[in-house]
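J.: So here's start_19.txt, just compact mmCIF, C-alpha atoms:
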```txt
# COMPACT_ATOMS: atom_id res chain seq x y z
CA MET A 103 50.71 -19.98 -50.48
CA LYS A 104 49.77 -20.21 -54.13
CA ILE A 105 46.61 -21.87 -55.46
CA SER A 106 45.70 -22.23 -59.11
CA LYS A 107 43.40 -24.35 -61.23
CA THR A 108 43.65 -25.81 -64.71
CA SER A 109 40.52 -26.89 -66.57
CA ILE A 110 40.84 -30.19 -68.39
CA ASP A 111 37.31 -29.96 -69.78
CA ASP A 112 33.86 -28.84 -68.58
CA LEU A 113 33.73 -31.64 -65.99
CA ASN A 114 37.33 -32.10 -64.86
CA LEU A 115 39.94 -29.75 -63.47
CA VAL A 116 43.22 -29.85 -61.57
CA VAL A 117 43.82 -27.67 -58.51
CA LYS A 118 47.47 -26.99 -57.63
CA ILE A 119 48.45 -25.84 -54.14
CA ILE A 120 51.98 -24.67 -53.27
CA ILE A 121 52.61 -24.41 -49.53
CA GLU A 122 55.60 -22.18 -48.82
CA LYS A 123 57.88 -22.04 -45.80
CA GLN A 124 56.30 -18.87 -44.38
CA ASP A 125 52.89 -20.64 -44.39
CA TYR A 126 53.89 -23.23 -41.83
CA GLU A 127 57.17 -22.17 -40.20
CA ALA A 128 55.78 -20.22 -37.24
CA THR A 129 53.23 -22.89 -36.32
CA VAL A 130 55.77 -25.71 -36.57
CA ASN A 131 58.25 -23.79 -34.40
CA GLU A 132 55.53 -23.16 -31.80
CA THR A 133 54.65 -26.86 -31.82
CA LEU A 134 58.28 -27.82 -31.25
CA LYS A 135 58.53 -25.33 -28.36
CA GLU A 136 55.56 -27.05 -26.72
CA TYR A 137 57.24 -30.42 -27.23
CA ARG A 138 60.40 -29.03 -25.56
CA LYS A 139 58.48 -27.68 -22.56
CA LYS A 140 56.96 -31.09 -21.93
CA ALA A 141 59.98 -33.21 -22.87
CA ASN A 142 61.31 -35.37 -20.04
CA MET A 143 64.52 -37.16 -21.13
CA PRO A 144 67.28 -38.81 -19.10
CA GLY A 145 70.22 -36.46 -18.66
CA PHE A 146 68.17 -33.29 -19.03
CA ARG A 147 65.95 -31.34 -16.71
CA LYS A 148 62.30 -31.13 -17.79
CA GLY A 149 61.92 -28.44 -20.44
CA MET A 150 65.69 -28.11 -20.96
CA VAL A 151 66.20 -30.66 -23.76
CA PRO A 152 68.18 -28.92 -26.55
CA ALA A 153 65.96 -27.47 -29.26
CA GLY A 154 68.07 -29.17 -31.94
CA LEU A 155 67.43 -32.57 -30.42
CA ILE A 156 63.68 -31.91 -30.18
CA LYS A 157 63.65 -30.84 -33.82
CA LYS A 158 65.57 -33.96 -34.83
CA MET A 159 63.10 -36.16 -32.96
CA HIS A 160 59.80 -34.43 -33.76
CA GLY A 161 60.45 -31.89 -36.50
CA LYS A 162 59.50 -34.06 -39.47
CA ALA A 163 56.26 -35.26 -37.88
CA ALA A 164 55.30 -31.72 -36.79
CA LEU A 165 56.00 -30.41 -40.28
CA ALA A 166 54.00 -33.15 -42.00
CA GLU A 167 51.04 -32.65 -39.66
CA GLU A 168 50.94 -28.88 -40.21
CA VAL A 169 51.32 -29.16 -43.98
CA ASN A 170 48.48 -31.68 -44.16
CA LYS A 171 46.26 -29.46 -42.01
CA LEU A 172 46.98 -26.46 -44.24
CA LEU A 173 46.40 -28.51 -47.36
CA SER A 174 43.02 -29.84 -46.23
CA ARG A 175 41.82 -26.46 -44.94
CA GLU A 176 42.92 -24.42 -47.93
CA LEU A 177 41.60 -26.90 -50.51
CA THR A 178 38.20 -26.93 -48.83
CA LYS A 179 38.21 -23.12 -48.59
CA TYR A 180 39.24 -22.73 -52.23
CA ILE A 181 36.43 -25.01 -53.44
CA SER A 182 33.97 -22.97 -51.38
CA ASP A 183 35.33 -19.56 -52.40
CA GLU A 184 35.39 -20.50 -56.08
CA LYS A 185 31.89 -21.97 -55.78
CA LEU A 186 33.03 -25.21 -57.39
CA GLU A 187 30.23 -27.78 -57.44
CA ILE A 188 32.19 -31.01 -57.19
CA LEU A 189 31.17 -34.65 -57.29
CA GLY A 190 32.72 -37.08 -54.83
CA GLU A 191 35.92 -35.80 -53.23
CA PRO A 192 39.21 -34.40 -54.56
CA LEU A 193 41.75 -37.09 -55.46
CA PRO A 194 45.55 -36.83 -55.81
CA SER A 195 46.20 -35.88 -59.43
CA LEU A 196 47.17 -38.61 -61.86
CA THR A 197 48.77 -36.17 -64.29
CA GLU A 198 50.68 -33.99 -61.80
CA LYS A 199 51.80 -36.34 -59.06
CA ALA A 200 53.25 -34.74 -55.94
CA VAL A 201 56.79 -35.65 -54.87
CA VAL A 202 57.22 -34.57 -51.25
CA ASN A 203 60.34 -34.75 -49.12
CA PHE A 204 59.83 -33.44 -45.61
CA ASP A 205 63.53 -33.90 -44.86
CA SER A 206 64.84 -31.42 -47.42
CA ASP A 207 62.05 -29.43 -49.10
CA ALA A 208 61.08 -25.96 -47.95
CA ASP A 209 58.10 -25.56 -50.28
CA PHE A 210 55.60 -28.30 -51.06
CA GLU A 211 53.49 -28.68 -54.18
CA PHE A 212 50.30 -30.75 -54.36
CA SER A 213 47.82 -31.27 -57.20
CA PHE A 214 44.30 -32.66 -57.04
CA ASP A 215 41.87 -33.94 -59.63
CA LEU A 216 38.30 -32.67 -59.20
CA GLY A 217 35.16 -33.93 -60.89
CA LEU A 218 32.57 -31.21 -61.49
CA SER A 219 28.81 -31.36 -61.42
CA PRO A 220 27.27 -30.76 -64.86
CA GLN A 221 24.98 -27.92 -65.81
CA ILE A 222 21.34 -28.98 -65.48
CA ASN A 223 18.70 -27.53 -67.78
CA LEU A 224 15.12 -28.74 -67.57
CA ASP A 225 12.49 -27.57 -70.04
CA PHE A 226 9.18 -28.65 -68.51
CA GLU A 227 7.26 -27.60 -71.60
CA LYS A 228 9.22 -30.15 -73.61
CA ILE A 229 8.90 -32.77 -70.88
CA GLY A 230 5.13 -32.37 -70.99
CA LYS A 231 2.49 -33.46 -68.53
CA LEU A 232 3.26 -36.52 -66.43
CA PRO A 233 0.79 -39.31 -65.59
CA PHE A 234 -0.66 -39.58 -62.11
CA TYR A 235 -2.47 -42.84 -61.43
CA GLU A 236 -5.47 -42.78 -59.10
CA ILE A 237 -6.30 -46.26 -57.81
CA ALA A 238 -10.03 -46.89 -57.54
CA VAL A 239 -11.22 -48.18 -54.17
CA ASP A 240 -13.65 -50.90 -55.22
CA ASP A 241 -15.69 -53.39 -53.20
CA GLN A 242 -13.07 -56.10 -53.65
CA LEU A 243 -10.37 -54.02 -51.97
CA ILE A 244 -12.73 -53.24 -49.09
CA ASP A 245 -13.72 -56.92 -48.80
CA ASN A 246 -10.06 -57.95 -48.71
CA GLN A 247 -9.32 -55.46 -45.94
CA ILE A 248 -12.29 -56.63 -43.85
CA GLU A 249 -11.28 -60.25 -44.42
CA GLY A 250 -7.80 -59.37 -43.20
CA TYR A 251 -9.22 -57.86 -40.01
CA ALA A 252 -11.45 -60.89 -39.48
CA ASN A 253 -8.44 -63.19 -39.80
CA ARG A 254 -6.29 -61.00 -37.52
CA PHE A 255 -8.83 -61.21 -34.72
CA GLY A 256 -9.87 -64.79 -35.40
CA GLU A 257 -8.94 -67.72 -33.19
CA ASN A 258 -7.87 -71.33 -33.29
CA ILE A 259 -10.28 -73.87 -31.84
CA PRO A 260 -9.61 -77.56 -31.21
CA ALA A 261 -10.56 -80.00 -33.97
CA GLU A 262 -10.73 -83.79 -34.07
CA VAL A 263 -9.72 -84.45 -37.68
CA VAL A 264 -7.11 -82.78 -39.90
CA GLY A 265 -8.45 -80.98 -42.98
CA GLU A 266 -6.79 -78.87 -45.69
CA LYS A 267 -6.90 -75.68 -43.61
CA GLU A 268 -6.04 -77.10 -40.21
CA THR A 269 -2.85 -76.51 -38.25
CA VAL A 270 -1.35 -79.36 -36.25
CA LEU A 271 1.11 -79.43 -33.35
CA GLY A 272 3.29 -82.47 -32.95
CA ASP A 273 6.67 -84.06 -32.27
CA PHE A 274 9.33 -85.00 -34.84
CA ALA A 275 11.61 -88.01 -34.29
CA GLN A 276 14.35 -88.95 -36.78
CA LEU A 277 14.30 -92.44 -38.33
CA ASP A 278 17.13 -94.61 -39.62
CA ALA A 279 17.16 -96.39 -42.99
CA GLU A 280 15.12 -99.22 -41.47
CA GLY A 281 12.41 -96.85 -40.27
CA VAL A 282 13.39 -97.14 -36.60
CA VAL A 283 13.61 -94.10 -34.32
CA VAL A 284 17.31 -93.28 -33.81
CA ASP A 285 18.45 -92.98 -30.19
CA ASP A 286 19.78 -89.50 -29.28
CA SER A 287 18.96 -88.33 -32.80
CA ILE A 288 17.41 -85.07 -33.93
CA SER A 289 13.96 -84.53 -32.45
CA SER A 290 11.75 -81.47 -32.21
CA LYS A 291 8.85 -81.14 -29.82
CA ASN A 292 5.50 -79.38 -30.18
CA VAL A 293 6.19 -78.13 -33.71
CA GLN A 294 3.45 -76.35 -35.64
CA VAL A 295 2.70 -77.48 -39.20
CA ALA A 296 0.13 -75.74 -41.43
CA VAL A 297 -1.30 -78.35 -43.77
CA GLN A 298 -1.97 -75.92 -46.61
CA LEU A 299 1.73 -74.92 -46.63
CA ILE A 300 2.93 -78.47 -47.33
CA LYS A 301 4.25 -78.42 -50.89
CA ASP A 302 4.33 -82.17 -51.61
CA GLU A 303 0.85 -83.38 -52.55
CA ALA A 304 1.37 -86.98 -51.38
CA ILE A 305 2.58 -85.87 -47.94
CA GLN A 306 -0.27 -83.38 -47.66
CA LYS A 307 -2.70 -86.25 -48.23
CA LEU A 308 -1.07 -88.14 -45.33
CA PHE A 309 -2.31 -85.38 -43.03
CA ILE A 310 -5.88 -85.18 -44.37
CA GLY A 311 -8.13 -87.25 -42.12
CA ALA A 312 -5.47 -87.85 -39.46
CA ARG A 313 -6.38 -87.63 -35.77
CA ILE A 314 -4.66 -86.84 -32.46
CA GLY A 315 -2.16 -89.57 -31.61
CA ASP A 316 -1.61 -90.65 -35.22
CA VAL A 317 2.01 -91.04 -36.32
CA LEU A 318 2.86 -89.87 -39.85
CA LYS A 319 6.09 -90.88 -41.58
CA PHE A 320 7.62 -88.43 -44.09
CA ASN A 321 10.71 -86.44 -45.08
CA PRO A 322 10.28 -82.81 -43.92
CA ARG A 323 12.67 -81.61 -46.64
CA VAL A 324 10.43 -83.11 -49.31
CA ALA A 325 7.30 -81.84 -47.59
CA LEU A 326 8.29 -78.18 -47.46
CA ALA A 327 10.81 -77.83 -50.33
CA ASP A 328 12.45 -74.96 -48.44
CA ASP A 329 15.65 -75.76 -46.54
CA HIS A 330 15.43 -72.72 -44.28
CA GLU A 331 11.90 -73.67 -43.19
CA VAL A 332 13.03 -77.24 -42.55
CA THR A 333 15.95 -76.22 -40.32
CA HIS A 334 13.65 -73.83 -38.45
CA LEU A 335 11.04 -76.58 -38.05
CA LEU A 336 13.55 -79.13 -36.73
CA LYS A 337 15.46 -76.51 -34.73
CA VAL A 338 18.84 -77.23 -36.29
CA LYS A 339 21.44 -74.95 -37.89
CA ASP A 340 21.32 -74.27 -41.62
CA ASP A 341 24.54 -76.17 -42.28
CA ALA A 342 22.96 -79.33 -40.82
CA ILE A 343 20.36 -79.60 -43.58
CA GLU A 344 21.98 -82.65 -45.23
CA SER A 345 21.82 -84.59 -41.95
CA VAL A 346 18.02 -84.23 -41.80
CA ASP A 347 17.34 -85.24 -45.39
CA CYS A 348 15.57 -88.42 -44.29
CA ASP A 349 12.28 -89.69 -42.91
CA PHE A 350 10.90 -88.62 -39.55
CA ASN A 351 7.96 -89.77 -37.47
CA PHE A 352 5.54 -86.96 -36.74
CA THR A 353 3.21 -87.64 -33.80
CA ILE A 354 0.14 -85.41 -33.78
CA ASN A 355 -0.57 -83.86 -30.37
CA THR A 356 -3.07 -81.12 -31.20
CA ILE A 357 -5.28 -80.21 -34.15
CA ASN A 358 -6.51 -76.64 -34.52
CA THR A 359 -8.90 -75.13 -36.99
CA PHE A 360 -8.91 -71.39 -37.56
CA ILE A 361 -12.16 -69.50 -37.31
CA ALA A 362 -12.23 -65.92 -38.56
CA ALA A 363 -13.88 -63.37 -36.29
CA PRO A 364 -17.51 -62.55 -37.12
CA ILE A 365 -17.90 -59.27 -38.97
CA ASP A 366 -19.96 -57.36 -36.44
CA GLU A 367 -19.81 -54.52 -33.91
CA ALA A 368 -17.49 -56.55 -31.68
CA LEU A 369 -14.94 -56.79 -34.52
CA ILE A 370 -15.26 -53.06 -35.20
CA LYS A 371 -14.37 -52.34 -31.55
CA LYS A 372 -11.38 -54.67 -31.76
CA ILE A 373 -10.16 -52.75 -34.80
CA TYR A 374 -10.79 -49.18 -33.67
CA GLY A 375 -11.15 -49.46 -29.90
CA ASP A 376 -14.11 -49.37 -27.53
CA GLU A 377 -14.52 -45.61 -27.94
CA THR A 378 -15.23 -45.79 -31.67
CA GLU A 379 -18.52 -44.37 -32.91
CA LEU A 380 -18.70 -46.96 -35.69
CA LYS A 381 -21.37 -49.59 -35.13
CA THR A 382 -22.59 -51.10 -38.40
CA VAL A 383 -20.86 -53.00 -41.19
CA GLU A 384 -21.88 -50.22 -43.59
CA GLU A 385 -20.10 -47.64 -41.42
CA LEU A 386 -17.08 -49.95 -41.25
CA ARG A 387 -16.98 -50.16 -45.04
CA GLU A 388 -17.15 -46.36 -45.35
CA LYS A 389 -14.32 -45.99 -42.84
CA ILE A 390 -12.14 -48.52 -44.68
CA HIS A 391 -12.93 -46.81 -47.99
CA THR A 392 -11.55 -43.53 -46.59
CA GLU A 393 -8.47 -45.25 -45.16
CA LEU A 394 -7.73 -47.14 -48.36
CA LYS A 395 -8.07 -44.00 -50.42
CA SER A 396 -5.51 -42.30 -48.20
CA ASN A 397 -3.17 -45.30 -48.18
CA LEU A 398 -3.37 -45.79 -51.93
CA LEU A 399 -2.32 -42.19 -52.40
CA TYR A 400 1.12 -43.28 -51.12
CA SER A 401 1.23 -45.88 -53.90
CA SER A 402 0.16 -43.30 -56.48
CA ASN A 403 2.85 -40.89 -55.35
CA TYR A 404 5.47 -43.64 -55.46
CA ARG A 405 4.51 -44.42 -59.06
CA PHE A 406 4.71 -40.72 -59.86
CA LEU A 407 8.22 -40.68 -58.41
CA VAL A 408 9.20 -43.56 -60.70
CA ASP A 409 7.77 -41.82 -63.78
CA ALA A 410 9.16 -38.40 -62.84
CA LYS A 411 12.65 -39.84 -62.34
CA GLU A 412 12.60 -41.44 -65.77
CA ALA A 413 11.16 -38.41 -67.54
CA LEU A 414 13.47 -35.85 -65.94
CA THR A 415 16.68 -37.87 -66.15
CA ASN A 416 15.99 -38.60 -69.83
CA ALA A 417 15.24 -34.93 -70.50
CA ALA A 418 18.30 -33.67 -68.63
CA ALA A 419 20.64 -36.15 -70.35
CA LEU A 420 23.41 -35.30 -67.90
CA THR A 421 27.07 -35.70 -68.83
CA LEU A 422 29.22 -36.80 -65.91
CA PRO A 423 32.98 -37.10 -65.25
CA VAL A 424 32.63 -40.87 -65.51
CA GLU A 425 36.28 -41.93 -65.23
CA PHE A 426 36.82 -39.66 -62.22
CA LEU A 427 33.75 -41.06 -60.48
CA LYS A 428 34.79 -44.66 -61.10
CA ARG A 429 38.24 -43.92 -59.70
CA TRP A 430 36.74 -42.14 -56.69
CA LEU A 431 34.43 -45.08 -55.94
CA VAL A 432 37.31 -47.54 -56.06
CA GLU A 433 39.68 -45.44 -53.96
CA THR A 434 37.14 -44.64 -51.24
CA ASN A 435 35.63 -48.14 -50.91
CA GLU A 436 38.17 -50.74 -49.88
CA LYS A 437 35.78 -53.66 -50.33
CA ILE A 438 34.75 -52.75 -53.88
CA THR A 439 36.85 -53.74 -56.88
CA ALA A 440 37.16 -51.93 -60.20
CA GLU A 441 35.31 -54.84 -61.82
CA GLN A 442 32.37 -54.42 -59.43
CA ILE A 443 32.27 -50.70 -60.14
CA GLU A 444 32.05 -51.41 -63.86
CA GLU A 445 29.16 -53.82 -63.30
CA GLU A 446 27.22 -51.57 -60.93
CA PHE A 447 28.05 -48.15 -62.33
CA GLY A 448 24.83 -47.96 -64.36
CA THR A 449 22.72 -48.15 -61.20
CA PHE A 450 24.99 -45.69 -59.38
CA ARG A 451 24.73 -43.26 -62.28
CA LYS A 452 20.93 -43.36 -62.36
CA ASP A 453 20.79 -42.59 -58.65
CA LEU A 454 23.34 -39.79 -59.01
CA ASP A 455 21.48 -38.26 -61.96
CA TRP A 456 18.29 -38.12 -59.92
CA THR A 457 20.10 -36.75 -56.84
CA LEU A 458 21.63 -33.93 -58.90
CA ILE A 459 18.29 -33.06 -60.51
CA LYS A 460 16.49 -33.20 -57.18
CA THR A 461 19.12 -30.99 -55.53
CA LYS A 462 18.91 -28.49 -58.39
CA LEU A 463 15.11 -28.25 -58.16
CA ALA A 464 15.23 -27.93 -54.38
CA LYS A 465 17.78 -25.12 -54.59
CA ASP A 466 16.09 -23.22 -57.42
CA ASN A 467 12.69 -23.40 -55.72
CA GLU A 468 13.98 -22.69 -52.20
CA VAL A 469 12.70 -25.99 -50.81
CA ARG A 470 13.12 -26.04 -47.04
CA ILE A 471 12.05 -28.36 -44.26
CA GLU A 472 11.29 -27.58 -40.63
CA GLU A 473 12.01 -29.66 -37.55
CA SER A 474 8.28 -29.77 -36.90
CA GLU A 475 7.75 -31.50 -40.26
CA ILE A 476 10.26 -34.22 -39.42
CA ALA A 477 8.65 -34.63 -35.98
CA LEU A 478 5.27 -35.11 -37.66
CA MET A 479 6.76 -37.72 -40.00
CA ALA A 480 8.15 -39.59 -36.99
CA ARG A 481 4.73 -39.54 -35.36
CA ASP A 482 3.08 -40.85 -38.53
CA MET A 483 5.69 -43.60 -38.70
CA ALA A 484 5.05 -44.54 -35.08
CA GLN A 485 1.30 -44.64 -35.66
CA MET A 486 1.75 -46.79 -38.77
CA GLN A 487 3.92 -49.29 -36.91
CA PHE A 488 1.41 -49.58 -34.09
CA HIS A 489 -1.34 -50.06 -36.67
CA GLN A 490 0.59 -52.93 -38.27
CA TYR A 491 0.39 -54.75 -34.96
CA GLY A 492 -3.35 -54.20 -34.77
CA MET A 493 -3.14 -51.29 -32.35
CA SER A 494 -5.38 -48.62 -33.85
CA ASN A 495 -6.09 -46.52 -30.77
CA VAL A 496 -2.75 -45.92 -29.11
CA PRO A 497 -2.66 -43.28 -26.33
CA GLU A 498 -1.11 -39.98 -27.38
CA GLU A 499 1.62 -40.32 -24.76
CA TYR A 500 2.77 -43.65 -26.23
CA LEU A 501 2.78 -42.23 -29.76
CA ASP A 502 4.82 -39.20 -28.70
CA ASN A 503 7.34 -41.31 -26.79
CA TYR A 504 7.83 -43.72 -29.66
CA ALA A 505 8.11 -40.86 -32.16
CA ASN A 506 10.77 -39.23 -29.98
CA SER A 507 12.74 -42.49 -29.87
CA ILE A 508 12.70 -42.56 -33.68
CA LEU A 509 14.03 -39.01 -33.80
CA GLN A 510 16.93 -39.95 -31.51
CA ASN A 511 18.29 -42.18 -34.28
CA LYS A 512 20.37 -39.75 -36.37
CA GLU A 513 20.44 -42.01 -39.42
CA GLN A 514 16.67 -42.50 -39.30
CA LYS A 515 16.12 -38.77 -38.85
CA GLN A 516 18.35 -37.98 -41.84
CA LYS A 517 16.41 -40.43 -44.01
CA MET A 518 13.14 -38.77 -43.02
CA ALA A 519 14.57 -35.34 -43.83
CA GLU A 520 15.70 -36.54 -47.27
CA LYS A 521 12.29 -38.13 -47.87
CA LYS A 522 10.52 -34.88 -46.95
CA ILE A 523 12.70 -32.87 -49.32
CA GLU A 524 12.02 -35.38 -52.10
CA ASP A 525 8.27 -35.15 -51.42
CA LYS A 526 8.42 -31.38 -51.73
CA VAL A 527 10.47 -31.60 -54.93
CA LEU A 528 7.82 -33.92 -56.37
CA GLU A 529 5.20 -31.27 -55.62
CA VAL A 530 7.35 -28.75 -57.51
CA ILE A 531 7.52 -31.15 -60.47
CA LYS A 532 3.73 -31.66 -60.41
CA GLU A 533 3.22 -27.90 -60.50
CA LYS A 534 5.75 -27.26 -63.27
CA SER A 535 4.92 -30.21 -65.52
CA GLY A 536 1.22 -30.55 -64.96
CA LEU A 537 -0.54 -33.89 -64.51
CA VAL A 538 -2.63 -36.25 -66.58
CA PHE A 539 -4.88 -38.07 -64.10
CA LYS A 540 -5.59 -41.71 -64.92
CA LYS A 541 -8.04 -43.83 -62.94
CA VAL A 542 -6.98 -47.47 -62.69
CA SER A 543 -7.89 -50.59 -60.75
CA GLN A 544 -5.48 -52.10 -58.25
CA LYS A 545 -4.59 -54.82 -60.77
CA GLU A 546 -3.99 -52.32 -63.56
CA PHE A 547 -1.79 -50.33 -61.21
CA ASP A 548 0.20 -53.40 -60.19
CA ASP A 549 0.67 -54.31 -63.86
CA LEU A 550 2.48 -50.99 -64.43
CA PHE A 551 5.44 -52.37 -62.49
CA GLU A 552 5.61 -55.46 -64.70
CA LYS A 553 6.35 -53.44 -67.82
```
Since I need it in another form, could you write the structure as structure tokens?

T.:
Amino acid sequence: MKISKTSIDDLNLVVKIIIEKQDYEATVNETLKEYRKKANMPGFRKGMVPAGLIKKMHGKAALAEEVNKLLSRELTKYISDEKLEILGEPLPSLTEKAVVNFDSDADFEFSFDLGLSPQINLDFEKIGKLPFYEIAVDDQLIDNQIEGYANRFGENIPAEVVGEKETVLGDFAQLDAEGVVVDDSISSKNVQVAVQLIKDEAIQKLFIGARIGDVLKFNPRVALADDHEVTHLLKVKDDAIESVDCDFNFTINTINTFIAAPIDEALIKKIYGDETELKTVEELREKIHTELKSNLLYSSNYRFLVDAKEALTNAAALTLPVEFLKRWLVETNEKITAEQIEEEFGTFRKDLDWTLIKTKLAKDNEVRIEESEIALMARDMAQMQFHQYGMSNVPEEYLDNYANSILQNKEQKQKMAEKKIEDKVLEVIKEKSGLVFKKVSQKEFDDLFEK
């Protein structure tokens, strides 16, 4: 076997592999012997079919299979041995196309185009210090969080008259052009309508002051101005939207008004469980202040990621084997056209630039992750999901079981591992670049993403 490479430029090369008869002959012959041992053909005893006939029947397939195995193995080994840092995967060469004839050739020549990863040089002194935004936890943020808890643990109580904030339950019945209920038409029972979510002002006014038993006539499509909401409300399929673009009677069965939970010790126990040591509103505010500060750190780190990506990719100014990558994307994705690749290549390139930089920094700084770190991430994720459902004091056993179920998902586990590596790379960047800390309000922080 002969393997050689030809550099086209710094980012592209061609690898040529010549597979000779002695590379495959013994294995192919052994394969054909096994075929002969197992062959069971009319007119011949088992295992006694002439070798020539076996070769005629299976020789070409056995040869092709062995050559392809050798080709794949040796190309992979060569890339590893030569320490070639490639992008994508090797592709059949466009300039040196292989012509293979398994019927007559003894030696086989193949050529592959390879796209190489560029050299990455980062001068952190030139990049300079990067901004790190610290979001101030002010009284408004704390008030909003407490209000959210009060609403979460609030309740609906019966009301007699519909107001702007009431929710009503009622029945829809479709009307014809004359305003008469259509027999066997679309109807929807015990549907919930929040008055403040009605978009049409005139229809919203129909509800204000209404009482149980009142019948309101309106077009739900006009009222909500959202076709998906309308089909959900009337319990019909999305493609039936045109058939419900008409007036309906809505008979009010129930009127509810929402009352937020009082902000007291009882609410605190609902939030943090009966075992909590928190008792006063002041202690609640201190607890929420600590939680918000921790949660907002995630937002600060995300913004740092955005800024670090931009700063480092601009500084690295990577040159890529663009044409090779476009060809690779087209040839390995059946559902993507060359036109789509052209349109979306800018986004792909930004992501690839960052991946290459991140991988370089992780390698140079010996970034590693442990299984225990991923397990801890899974546990944090489980705790966060329980918290989103208002469950703040979940038993340890439940947390561990849910975390273990997350870890069983290989794709989810891989994403967590990649996230942990990225987090550690960001810490490397912070150390190497240095930080300029900037205190901002929540609104000022949100405005950063509008620029």

J.: Mind pulling up the distance from CA of Asn467 (chain A) to CA of Leu186 (chain A)?

T.: 20.5 Å

J.: Pick from A:Arg254, A:Glu191, A:Gly149, A:Leu224: nearest to Thr178 (chain A), with only C-alpha atoms counted?

T.: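 Ranked by minimum distance to Thr178 (chain A), first place goes to A:Glu191.
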
J.: What is the distance between CA of Leu216 (chain A) and CA of Asp466 (chain A), in Å to one decimal?

T.: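 Computed distance, CA of Leu216 (chain A) to CA of Asp466 (chain A), equals 24.2 Å.
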
J.: Quick one: everything within 12 Å of Ser109 (chain A), counting all atoms listed in the file, minus sequence neighbours fewer than 3 positions away in the same chain. Send it as an mmCIF file with C-alpha atoms, keeping the file's coordinate frame.

T.:
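Saved as selection_24.cif:
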```cif
data_model
loop_
_atom_site.group_PDB
_atom_site.id
_atom_site.type_symbol
_atom_site.label_atom_id
_atom_site.label_comp_id
_atom_site.auth_asym_id
_atom_site.auth_seq_id
_atom_site.Cartn_x
_atom_site.Cartn_y
_atom_site.Cartn_z
ATOM 1 C CA SER A 106 45.700 -22.230 -59.110
ATOM 2 C CA ASP A 112 33.860 -28.840 -68.580
ATOM 3 C CA LEU A 113 33.730 -31.640 -65.990
ATOM 4 C CA ASN A 114 37.330 -32.100 -64.860
ATOM 5 C CA LEU A 115 39.940 -29.750 -63.470
ATOM 6 C CA VAL A 116 43.220 -29.850 -61.570
ATOM 7 C CA VAL A 117 43.820 -27.670 -58.510
ATOM 8 C CA LYS A 118 47.470 -26.990 -57.630
ATOM 9 C CA LEU A 186 33.030 -25.210 -57.390
ATOM 10 C CA PHE A 214 44.300 -32.660 -57.040
ATOM 11 C CA ASP A 215 41.870 -33.940 -59.630
ATOM 12 C CA LEU A 216 38.300 -32.670 -59.200
ATOM 13 C CA GLY A 217 35.160 -33.930 -60.890
ATOM 14 C CA LEU A 218 32.570 -31.210 -61.490
#
```

J.: So that all listed atoms of region 240-244 of chain A fit with 4 Å spare on each side, what axis-aligned box centre and edge lengths in Å, to one decimal, would you give as JSON?

T.:
```
{"center_x": -13.0, "center_y": -53.5, "center_z": -52.2, "size_x": 13.3, "size_y": 13.2, "size_z": 14.1}
```

J.: Reconstruct N, CA and C atoms of region 317-327 of chain A from the incomplete input and present them as a short mmCIF file (atom, residue, chain, number, x, y, z; two decimals), in the coordinates of the input.

T.:
```
data_model
loop_
_atom_site.label_atom_id
_atom_site.label_comp_id
_atom_site.auth_asym_id
_atom_site.auth_seq_id
_atom_site.Cartn_x
_atom_site.Cartn_y
_atom_site.Cartn_z
N VAL A 317 0.59 -91.25 -36.02
CA VAL A 317 2.01 -91.04 -36.32
C VAL A 317 2.18 -91.08 -37.84
N LEU A 318 2.68 -89.98 -38.40
CA LEU A 318 2.86 -89.87 -39.85
C LEU A 318 4.35 -89.94 -40.16
N LYS A 319 4.68 -90.71 -41.19
CA LYS A 319 6.09 -90.88 -41.58
C LYS A 319 6.35 -90.14 -42.90
N PHE A 320 7.29 -89.17 -42.87
CA PHE A 320 7.62 -88.43 -44.09
C PHE A 320 8.95 -87.69 -43.93
N ASN A 321 9.46 -87.22 -45.06
CA ASN A 321 10.71 -86.44 -45.08
C ASN A 321 10.34 -84.95 -45.07
N PRO A 322 10.65 -84.24 -44.00
CA PRO A 322 10.28 -82.81 -43.92
C PRO A 322 10.87 -81.99 -45.06
N ARG A 323 12.04 -82.37 -45.56
CA ARG A 323 12.67 -81.61 -46.64
C ARG A 323 11.88 -81.73 -47.92
N VAL A 324 11.29 -82.91 -48.14
CA VAL A 324 10.43 -83.11 -49.31
C VAL A 324 9.10 -82.38 -49.11
N ALA A 325 8.61 -82.43 -47.89
CA ALA A 325 7.30 -81.84 -47.59
C ALA A 325 7.27 -80.34 -47.83
N LEU A 326 8.32 -79.65 -47.42
CA LEU A 326 8.29 -78.18 -47.46
C LEU A 326 9.04 -77.58 -48.64
N ALA A 327 10.03 -78.31 -49.17
CA ALA A 327 10.81 -77.83 -50.33
C ALA A 327 11.45 -76.46 -50.07
#
```
